[in-house]
Every structure is written in structure tokens, then in C-alpha cells.
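Chemist: Input file: input.pdb. Contents: PDB, C-alpha atoms and all ligand atoms.
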```pdb
ATOM      1  CA  MET A   1     107.733  99.421  96.138  1.00  0.00           C
ATOM      2  CA  THR A   2     107.532  97.190  93.109  1.00  0.00           C
ATOM      3  CA  ASP A   3     104.168  95.643  92.368  1.00  0.00           C
ATOM      4  CA  CYS A   4     104.476  91.978  91.469  1.00  0.00           C
ATOM      5  CA  GLY A   5     101.389  92.200  89.239  1.00  0.00           C
ATOM      6  CA  CYS A   6      98.106  90.331  88.950  1.00  0.00           C
ATOM      7  CA  ASP A   7      99.572  87.309  87.167  1.00  0.00           C
ATOM      8  CA  LYS A   8     101.935  86.432  89.984  1.00  0.00           C
ATOM      9  CA  ALA A   9      99.420  87.284  92.698  1.00  0.00           C
ATOM     10  CA  LYS A  10      96.734  85.076  91.166  1.00  0.00           C
ATOM     11  CA  ALA A  11      99.166  82.260  90.419  1.00  0.00           C
ATOM     12  CA  GLU A  12     100.353  82.217  94.031  1.00  0.00           C
ATOM     13  CA  LEU A  13      97.072  83.059  95.736  1.00  0.00           C
ATOM     14  CA  GLU A  14      96.385  79.490  96.826  1.00  0.00           C
ATOM     15  CA  GLU A  15      99.815  79.124  98.441  1.00  0.00           C
ATOM     16  CA  PHE A  16      99.487  82.616  99.877  1.00  0.00           C
ATOM     17  CA  LEU A  17      96.251  81.673 101.625  1.00  0.00           C
ATOM     18  CA  HIS A  18      97.823  78.525 103.007  1.00  0.00           C
ATOM     19  CA  ARG A  19     100.913  80.461 104.163  1.00  0.00           C
ATOM     20  CA  GLU A  20     103.106  78.253 102.003  1.00  0.00           C
ATOM     21  CA  LEU A  21     105.002  81.036 100.252  1.00  0.00           C
ATOM     22  CA  SER A  22     108.507  82.127 101.099  1.00  0.00           C
ATOM     23  CA  ASP A  23     108.767  85.382 103.046  1.00  0.00           C
ATOM     24  CA  ASP A  24     109.710  87.333  99.919  1.00  0.00           C
ATOM     25  CA  ASP A  25     106.855  85.981  97.812  1.00  0.00           C
ATOM     26  CA  PHE A  26     104.424  86.373 100.688  1.00  0.00           C
ATOM     27  CA  ARG A  27     105.395  90.042 100.987  1.00  0.00           C
ATOM     28  CA  ASP A  28     105.109  90.571  97.229  1.00  0.00           C
ATOM     29  CA  VAL A  29     101.628  89.115  97.076  1.00  0.00           C
ATOM     30  CA  SER A  30     100.319  90.899 100.170  1.00  0.00           C
ATOM     31  CA  GLU A  31     101.650  94.210  98.842  1.00  0.00           C
ATOM     32  CA  HIS A  32      99.877  93.594  95.563  1.00  0.00           C
ATOM     33  CA  LEU A  33      96.611  92.694  97.319  1.00  0.00           C
ATOM     34  CA  GLU A  34      96.726  95.999  99.177  1.00  0.00           C
ATOM     35  CA  SER A  35      96.831  97.946  95.930  1.00  0.00           C
ATOM     36  CA  CYS A  36      94.628  95.766  93.728  1.00  0.00           C
ATOM     37  CA  VAL A  37      90.921  95.458  94.524  1.00  0.00           C
ATOM     38  CA  ASP A  38      90.451  92.694  91.976  1.00  0.00           C
ATOM     39  CA  CYS A  39      93.008  90.364  93.541  1.00  0.00           C
ATOM     40  CA  GLU A  40      92.026  91.368  97.069  1.00  0.00           C
ATOM     41  CA  THR A  41      88.473  90.261  96.337  1.00  0.00           C
ATOM     42  CA  GLU A  42      89.711  86.906  95.095  1.00  0.00           C
ATOM     43  CA  ALA A  43      91.833  86.511  98.194  1.00  0.00           C
ATOM     44  CA  THR A  44      88.879  87.339 100.443  1.00  0.00           C
ATOM     45  CA  VAL A  45      86.660  84.825  98.646  1.00  0.00           C
ATOM     46  CA  GLY A  46      89.361  82.176  98.888  1.00  0.00           C
ATOM     47  CA  LEU A  47      89.901  82.871 102.570  1.00  0.00           C
ATOM     48  CA  THR A  48      86.173  82.746 103.320  1.00  0.00           C
ATOM     49  CA  LEU A  49      85.887  79.383 101.563  1.00  0.00           C
ATOM     50  CA  MET A  50      88.860  78.049 103.515  1.00  0.00           C
ATOM     51  CA  GLN A  51      87.346  79.156 106.814  1.00  0.00           C
ATOM     52  CA  LYS A  52      83.971  77.617 105.926  1.00  0.00           C
ATOM     53  CA  VAL A  53      85.612  74.295 105.134  1.00  0.00           C
ATOM     54  CA  ARG A  54      87.647  74.466 108.313  1.00  0.00           C
ATOM     55  CA  SER A  55      84.698  75.319 110.561  1.00  0.00           C
ATOM     56  CA  ALA A  56      82.640  72.557 108.928  1.00  0.00           C
ATOM     57  CA  CYS A  57      85.388  70.110 109.873  1.00  0.00           C
ATOM     58  CA  GLN A  58      85.600  71.480 113.385  1.00  0.00           C
ATOM     59  CA  GLU A  59      81.876  71.102 113.952  1.00  0.00           C
ATOM     60  CA  LYS A  60      82.234  67.459 113.145  1.00  0.00           C
ATOM     61  CA  ALA A  61      85.466  66.798 114.974  1.00  0.00           C
ATOM     62  CA  PRO A  62      84.452  67.005 118.666  1.00  0.00           C
ATOM     63  CA  GLU A  63      81.912  64.198 118.349  1.00  0.00           C
ATOM     64  CA  GLU A  64      84.343  61.930 116.535  1.00  0.00           C
ATOM     65  CA  LEU A  65      87.128  62.846 118.908  1.00  0.00           C
ATOM     66  CA  ARG A  66      84.921  62.060 121.893  1.00  0.00           C
ATOM     67  CA  GLU A  67      84.080  58.652 120.488  1.00  0.00           C
ATOM     68  CA  ALA A  68      87.713  57.930 119.726  1.00  0.00           C
ATOM     69  CA  ILE A  69      88.724  58.859 123.265  1.00  0.00           C
ATOM     70  CA  LEU A  70      85.889  56.812 124.777  1.00  0.00           C
ATOM     71  CA  ALA A  71      86.846  53.826 122.651  1.00  0.00           C
ATOM     72  CA  ARG A  72      90.462  54.115 123.721  1.00  0.00           C
ATOM     73  CA  LEU A  73      89.505  54.449 127.386  1.00  0.00           C
ATOM     74  CA  SER A  74      87.233  51.416 127.343  1.00  0.00           C
ATOM     75  CA  ALA A  75      89.884  49.366 125.518  1.00  0.00           C
ATOM     76  CA  HIS A  76      92.299  50.015 128.368  1.00  0.00           C
ATOM     77  CA  ALA A  77      89.737  49.600 131.136  1.00  0.00           C
TER      78      ALA A  77
HETATM   79 ZN    ZN B 101      95.872  92.281  90.898  1.00  0.00          ZN
END
```
Represent the structure contained in this file as C-alpha cells.
Modeler:
Amino acid sequence: MTDCGCDKAKAELEEFLHRELSDDDFRDVSEHLESCVDCETEATVGLTLMQKVRSACQEKAPEELREAILARLSAHA
């Protein structure tokens, strides 16, 4: 297995976390993360941040969604 190296892994980490890489690049970066603690830590931090942002949005969404649905229902009533 050829290690793609820290430079490539760090350059593509953002796209890796968003699953925007091609299959080949995705495999390269995940293989590197498995063998490099430094990059794996960065990936974990990035992933945790992404999940925090996402869950913060989801906490807010149901209330707004409910209001949007109620508004639509009353408009058609
Ligand atoms: Zn690395």
C-alpha cells in the first residue's frame, strides 16, 4: 500500500469529511488516516465539529418545520 502522505491528506481532509472525494482519493486519504495519528486527530476534530454544527441545526429545525407546516395548512384551510 502506498501512503499518500500528510500533505495530500490534510489538503483533502475537508472534502474527505464531506464525502466529496472520488473513490480513489477517498481510499488514499482513509488509508493514510489509519497509519498517521496526526492526521487522524485532525480528521476526528473536523468530524466532531461537523456533527456539532449539524446537531445544532437539527435542534432548531423541528420548531421551524412545525411552524412552516402549520402556516401551510392554515393557508389552505
Ligand atoms: Zn499524516
Chemist: Assuming the chain letters and numbering stay as they are in my file, what does the PyMOL selection byres (((not hetatm)) within 6 of (chain B and resi 101)) actually select? List them as a ChimeraX atom specification.
Modeler: /A:5-6,36,38-39
Chemist: Calculate how many Å separate atom CA of A:Leu13 from atom CA of A:Glu42, rounding to one decimal.
Modeler: 8.3 Å
Chemist: Would you mind telling me which residue in A:Ser22, A:Ser30, A:Thr48, A:Gln58 lies nearest to A:Cys4 when using only C-alpha atoms?
Modeler: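 Ranked by minimum distance to A:Cys4, first place goes to A:Ser30.
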Chemist: As an exercise, work out the distance from atom CA of A:His32 to atom CA of A:Arg54 in Å and give it to one decimal place.
Modeler: 26.0 Å
Chemist: Could you please give me, as a list in words, the residues of protein, DNA or RNA lying at most 12 Å from (90.9, 80.8, 93.7) in the coordinate frame of the file, considering all atoms listed in the file?
Modeler: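 Here is the list of nearby residues: Ala9, Lys10, Ala11, Glu12, Leu13, Glu14, Glu15, Phe16, Leu17, His18, Cys39, Glu40, Thr41, Glu42, Ala43, Thr44, Val45, Gly46, Leu47, Thr48, Leu49 and Met50 of chain A.
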Chemist: Let me know the centre plus edge lengths, in Å and rounded to one decimal, of a box with edges along x, y and z that contains all listed atoms of stretch 3-22 of chain A and is padded by 8 Å on every side, as JSON.
Modeler:
```
{"center_x": 102.4, "center_y": 86.9, "center_z": 95.7, "size_x": 28.3, "size_y": 33.4, "size_z": 33.0}
```
Chemist: For a test of reading the model, state the distance in Å between atom CA of A:Glu31 and atom CA of A:Asp7, rounded to one decimal.
Modeler: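 Answer for the atom CA of A:Glu31 to atom CA of A:Asp7 separation: 13.7 Å.
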Chemist: Go through A:Ile69, A:Ser55, A:Glu64, A:Lys8 and flag the residue nearest A:Phe26, using only C-alpha atoms for the distances.
Modeler: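 Among the listed residues, A:Lys8 lies closest to A:Phe26.
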